[in-house]
Amino acid sequence: MINLRLLWTWDHCTQWTAARAGVHDWGASNEFSGYTGDFIREYSLLLRWCGQHGIDGVVVWGLLRDGHGGVEAAKRLCEVADTAGVKLLAGVGLNAYGSVYYEGSSEWSLNNHLSKHPELYALRPDGERHIHQMPGNAPQPMHHACPSRPENMEYCLEGLRWLMETVPLAGVQIETGDTHVCECPLCRERRPNPVSALSWDDMAFLYGPAAEAVWSVRPDATVVMETYSHPEPVTDGTVPGFGGGSPPWAMQCVDQFPRGAYVQWVADNVTAPRNPVPWTTQAPAGFAGNIMRAHLATWWMGRGDEVAVDWLALLAQKSLAQGFDGLSIFGDKSPFRTGCELNYLALADYGSPANPDADLASFLARVAGPLLGGTERATEFLRLARLIAVPDELETAATQARHHAAQLNGRQADRWTWLAWYLSRWTYDAQG
Ligand SMILES: [Zn+2]
C-alpha cells in the first residue's frame, strides 16, 4: 500500500486560486510577490482540498517569511491543516535554503546567522565563501553553512527546536543541500567518501541529530529526509548529483539515518517519462517509510500542469513492487488546471484500498470518468493529452477536445476546454 502521499511546494509558485497575478510558474528561492492574505488563502485552499481528497500532507518551502506574515501566518495554516486532517510540513535546509526561517529579520534565518558569523560559512574548494547562484529561475543567491562547525550544528538544532516549539507543525522535510557542499579542511577530514553537488556523509552526519531535535519537542512529528538520489546502485566510479543513483557508500550512510523518519528518494530517472536506468532495488527496511518523489507535471524537467496519470501509475506500481510506500509530486497549482486535478486525484487513488495495484484503467473508470463525461471520454482525454509530444497531431487533438467540451456542461465542459487550450498553446508556438 501507499501510506504517505505528499504535495511538494515552494510558496512563491503556489496558486490555488484560479486567477491571481504575480505568481511564478516554477523555480526556487524567489521572492514572494503577494500579501499575507494571498499566502493564507492559497495554502488554505490547498490544505482543505487535500483533506477532502485523500492527500496526507503538504510540504512548504518558504513557509516562514516576513513578507507573508511570518510565524503568525504559519500558525494560521497549521490550524487550517489540523481542521482538514492534513500534515503541514516545513521544508528546512540544514546548511542551505535559509534554514528554518526562509527570509526576514529572524535570528533563525540562515542568512542572518552567517552575516553575523561570516567565519561559519561553508567554503568552496578555492577557499571562498560558498554563496551559490542556482540555475533555474532561482534569483536569490544561496548562502551555505559549514556542517562541521559545532556552532552551526548547535544553531541548526536550536533552530529546529524553536520551529517546533513556535509553530505547531506536523513535521518537517529536511535537506542538507544539493547545491555543492562545504569543502573546508574540517569537512574533507570528516567525510570518508567523495562528494558531488551533494554529500551522503553530510546526510548521515546531520539527519540523526536534526530528527532528534524535532522529536525532542514533538515526539510524533513526521520527519522526511531527502536523499536527492534514486536507490539504484551506481558502480562505475562516478559520484552522482541530484537525481542520480546511489554510490557504493550510500546505503552505509542510510544505515545511520534515524529509523523513525521517512527516507525520500528521487524517481525522475527510474520511471516514465525518462526511466533511462532500471529500478531493481528494494526499499531499505526499518524506516517509517520510503517516499518516491517525482518532478511530474512541472516546468522543472518537464511541462507544467501536464496530464501525468499514466506515468504516475507506473511510478506507483514500481514503488509498490519494490517496497516503497510513499509518493510525492509537485502541488503548487490549482486543480482548476485539469492536468493538476487529475494528477492529484491519481496520487490519492494509486495504492489505496480502492486501487491497491495502482491500475490506470480503474482510476480512469472510477475517478476520472465522472469528471470528464464517462470512462471512454476519460481514456480519450488521456490519449489526446499525451499527443502534446506529437506536433503533427496537436491541432486535431485540440479540435477533438473542443468537440467534447461542446457536448458537455459545467465543470465537465471546463475540463475539456482546459485541454483544448493546453494543447493549442504548442500549436500556436509552432506557428510563430
Ligand atoms: Zn566545512
# chains A, B, ... in the order shown; residues from 1 in each chain; ligands from 1
$ residues_near_ligand --ligand "ligand 1" --cutoff "8 Å" --atoms "only C-alpha atoms and all ligand atoms" --output "list of chain:residue names"
A:Tyr121, A:Ala122, A:Leu123, A:Ala145, A:Cys146, A:Pro147, A:Ser148, A:Arg149, A:Val181, A:Cys182, A:Glu183, A:Cys184, A:Pro185, A:Leu186, A:Cys187, A:Arg188
$ select_by_dssp --residues "region 80-204 of chain A" --states "strand (DSSP E)" --output "PyMOL selection string"
chain A and resi 87-93+131-132+142-143+171-175
$ residues_around --residues "Gly410 (chain A)" --least-positions-apart "6" --cutoff "12 Å" --atoms "only C-alpha atoms" --output "PyMOL selection string"
chain A and resi 371-373+416-417
$ write_last_selection --atoms "N, CA and C atoms" --output "PDB file, in the first residue's frame"
ATOM      1  N   LEU A 371     -15.664  12.898 -13.917  1.00  0.00           N
ATOM      2  CA  LEU A 371     -15.255  14.298 -14.087  1.00  0.00           C
ATOM      3  C   LEU A 371     -15.234  14.729 -15.547  1.00  0.00           C
ATOM      4  N   LEU A 372     -15.148  13.733 -16.446  1.00  0.00           N
ATOM      5  CA  LEU A 372     -14.876  14.048 -17.851  1.00  0.00           C
ATOM      6  C   LEU A 372     -15.972  13.575 -18.794  1.00  0.00           C
ATOM      7  N   GLY A 373     -17.070  13.048 -18.247  1.00  0.00           N
ATOM      8  CA  GLY A 373     -18.172  12.637 -19.108  1.00  0.00           C
ATOM      9  C   GLY A 373     -18.165  11.153 -19.431  1.00  0.00           C
ATOM     10  N   TRP A 416     -12.536  19.892 -20.507  1.00  0.00           N
ATOM     11  CA  TRP A 416     -12.162  19.682 -21.921  1.00  0.00           C
ATOM     12  C   TRP A 416     -11.700  20.993 -22.553  1.00  0.00           C
ATOM     13  N   THR A 417     -12.298  22.083 -22.117  1.00  0.00           N
ATOM     14  CA  THR A 417     -11.855  23.393 -22.615  1.00  0.00           C
ATOM     15  C   THR A 417     -10.408  23.649 -22.180  1.00  0.00           C
TER      16      THR A 417
END
$ closest_residue --among "A:Leu387, A:Val367, A:Cys50, A:Ala378" --to "His404 (chain A)" --atoms "only C-alpha atoms"
A:Ala378
$ closest_residue --among "A:Met164, A:Leu394, A:Val309, A:Leu77" --to "Ala297 (chain A)" --atoms "only C-alpha atoms"
A:Val309
$ select_by_dssp --residues "region 25-190 of chain A" --states "alpha helix (DSSP H)" --output "PyMOL selection string"
chain A and resi 36-53+70-84+110-116+150-166+185-190
$ atom_distance --atom1 "CA of Asp429 (chain A)" --atom2 "CA of Glu393 (chain A)"
14.4 Å
$ decode --residues "region 111-242 of chain A" --atoms "C-alpha atoms" --output "short mmCIF file (atom, residue, chain, number, x, y, z; two decimals), in the first residue's frame"
data_model
loop_
_atom_site.label_atom_id
_atom_site.label_comp_id
_atom_site.auth_asym_id
_atom_site.auth_seq_id
_atom_site.Cartn_x
_atom_site.Cartn_y
_atom_site.Cartn_z
CA ASN A 111 21.43 34.34 6.03
CA ASN A 112 21.29 36.40 9.24
CA HIS A 113 23.28 33.80 11.16
CA LEU A 114 26.03 33.81 8.52
CA SER A 115 26.01 37.56 8.20
CA LYS A 116 26.62 37.77 11.95
CA HIS A 117 29.22 34.97 11.88
CA PRO A 118 30.94 35.10 8.50
CA GLU A 119 33.61 32.73 9.79
CA LEU A 120 30.96 29.97 9.86
CA TYR A 121 30.30 29.98 6.10
CA ALA A 122 30.83 26.85 4.08
CA LEU A 123 33.86 27.16 1.82
CA ARG A 124 34.32 26.40 -1.85
CA PRO A 125 37.37 24.42 -2.99
CA ASP A 126 39.16 27.73 -3.68
CA GLY A 127 38.63 28.80 -0.06
CA GLU A 128 36.00 31.43 -0.87
CA ARG A 129 32.68 31.55 0.96
CA HIS A 130 30.13 29.26 -0.61
CA ILE A 131 27.43 31.60 -1.91
CA HIS A 132 25.74 29.87 -4.80
CA GLN A 133 23.67 31.25 -7.63
CA MET A 134 21.40 28.40 -8.65
CA PRO A 135 20.29 27.99 -12.24
CA GLY A 136 16.58 27.61 -12.99
CA ASN A 137 14.61 30.71 -12.03
CA ALA A 138 16.21 30.93 -8.60
CA PRO A 139 17.45 34.51 -8.35
CA GLN A 140 18.28 34.79 -4.66
CA PRO A 141 21.85 33.61 -4.02
CA MET A 142 22.05 30.74 -1.55
CA HIS A 143 24.29 31.07 1.48
CA HIS A 144 25.74 27.83 2.86
CA ALA A 145 26.92 26.99 6.36
CA CYS A 146 29.76 24.57 7.14
CA PRO A 147 28.21 21.48 8.73
CA SER A 148 31.42 20.57 10.55
CA ARG A 149 31.48 23.69 12.70
CA PRO A 150 29.90 22.85 16.09
CA GLU A 151 28.44 26.38 16.25
CA ASN A 152 26.47 25.66 13.07
CA MET A 153 25.27 22.28 14.33
CA GLU A 154 24.10 23.93 17.54
CA TYR A 155 22.39 26.71 15.57
CA CYS A 156 20.68 24.18 13.30
CA LEU A 157 19.36 22.06 16.17
CA GLU A 158 18.27 25.06 18.23
CA GLY A 159 16.50 26.42 15.16
CA LEU A 160 14.59 23.17 14.68
CA ARG A 161 13.57 23.12 18.34
CA TRP A 162 12.49 26.76 18.10
CA LEU A 163 10.47 25.97 14.97
CA MET A 164 8.64 23.07 16.57
CA GLU A 165 8.03 24.98 19.81
CA THR A 166 6.81 28.08 17.99
CA VAL A 167 4.76 26.73 15.07
CA PRO A 168 2.51 23.70 15.70
CA LEU A 169 3.64 21.85 12.59
CA ALA A 170 3.01 18.18 11.89
CA GLY A 171 6.68 17.87 10.92
CA VAL A 172 9.47 18.79 8.56
CA GLN A 173 11.15 17.76 5.35
CA ILE A 174 14.86 18.23 5.94
CA GLU A 175 17.69 18.58 3.42
CA THR A 176 21.44 19.02 3.71
CA GLY A 177 21.79 20.85 0.39
CA ASP A 178 22.26 19.81 -3.22
CA THR A 179 23.99 22.94 -4.50
CA HIS A 180 27.56 21.89 -3.69
CA VAL A 181 28.86 21.19 -0.23
CA CYS A 182 31.44 22.66 2.10
CA GLU A 183 34.99 21.83 1.05
CA CYS A 184 36.78 23.21 4.11
CA PRO A 185 39.56 21.12 5.73
CA LEU A 186 37.25 20.08 8.59
CA CYS A 187 34.61 18.75 6.21
CA ARG A 188 37.13 17.00 3.98
CA GLU A 189 38.65 15.36 7.04
CA ARG A 190 35.26 14.31 8.40
CA ARG A 191 33.93 12.72 5.22
CA PRO A 192 35.15 9.22 4.40
CA ASN A 193 33.59 9.34 0.92
CA PRO A 194 33.73 11.60 -2.16
CA VAL A 195 31.17 14.32 -2.82
CA SER A 196 29.33 15.68 -5.85
CA ALA A 197 26.97 18.64 -5.51
CA LEU A 198 25.69 16.67 -2.51
CA SER A 199 27.23 14.55 0.23
CA TRP A 200 25.85 11.31 1.66
CA ASP A 201 28.21 11.73 4.62
CA ASP A 202 26.65 15.11 5.40
CA MET A 203 23.21 13.47 5.41
CA ALA A 204 24.42 10.73 7.77
CA PHE A 205 26.08 13.37 9.97
CA LEU A 206 23.06 15.68 10.25
CA TYR A 207 19.80 13.75 9.86
CA GLY A 208 20.02 11.90 13.17
CA PRO A 209 20.60 14.97 15.36
CA ALA A 210 18.12 17.04 13.31
CA ALA A 211 15.35 14.46 13.69
CA GLU A 212 16.09 14.10 17.42
CA ALA A 213 15.82 17.88 17.83
CA VAL A 214 12.38 17.82 16.16
CA TRP A 215 11.22 14.83 18.22
CA SER A 216 12.52 16.38 21.46
CA VAL A 217 9.67 18.89 21.09
CA ARG A 218 7.09 16.74 19.28
CA PRO A 219 7.82 13.01 19.57
CA ASP A 220 5.20 12.10 16.97
CA ALA A 221 6.38 14.60 14.33
CA THR A 222 6.76 13.40 10.76
CA VAL A 223 10.35 13.80 9.55
CA VAL A 224 11.18 13.31 5.87
CA MET A 225 14.88 13.06 4.94
CA GLU A 226 15.80 13.95 1.36
CA THR A 227 18.50 11.93 -0.40
CA TYR A 228 18.39 13.76 -3.79
CA SER A 229 19.01 10.35 -5.35
CA HIS A 230 17.33 7.22 -6.63
CA PRO A 231 18.13 3.95 -4.90
CA GLU A 232 19.66 2.04 -7.81
CA PRO A 233 23.38 1.36 -7.16
CA VAL A 234 25.95 3.17 -9.29
CA THR A 235 29.19 1.23 -9.53
CA ASP A 236 31.00 2.93 -12.38
CA GLY A 237 33.14 5.05 -10.08
CA THR A 238 31.15 8.24 -10.61
CA VAL A 239 29.64 10.28 -7.77
CA PRO A 240 26.10 11.16 -8.85
CA GLY A 241 24.45 14.51 -8.18
CA PHE A 242 20.73 15.32 -7.99
#
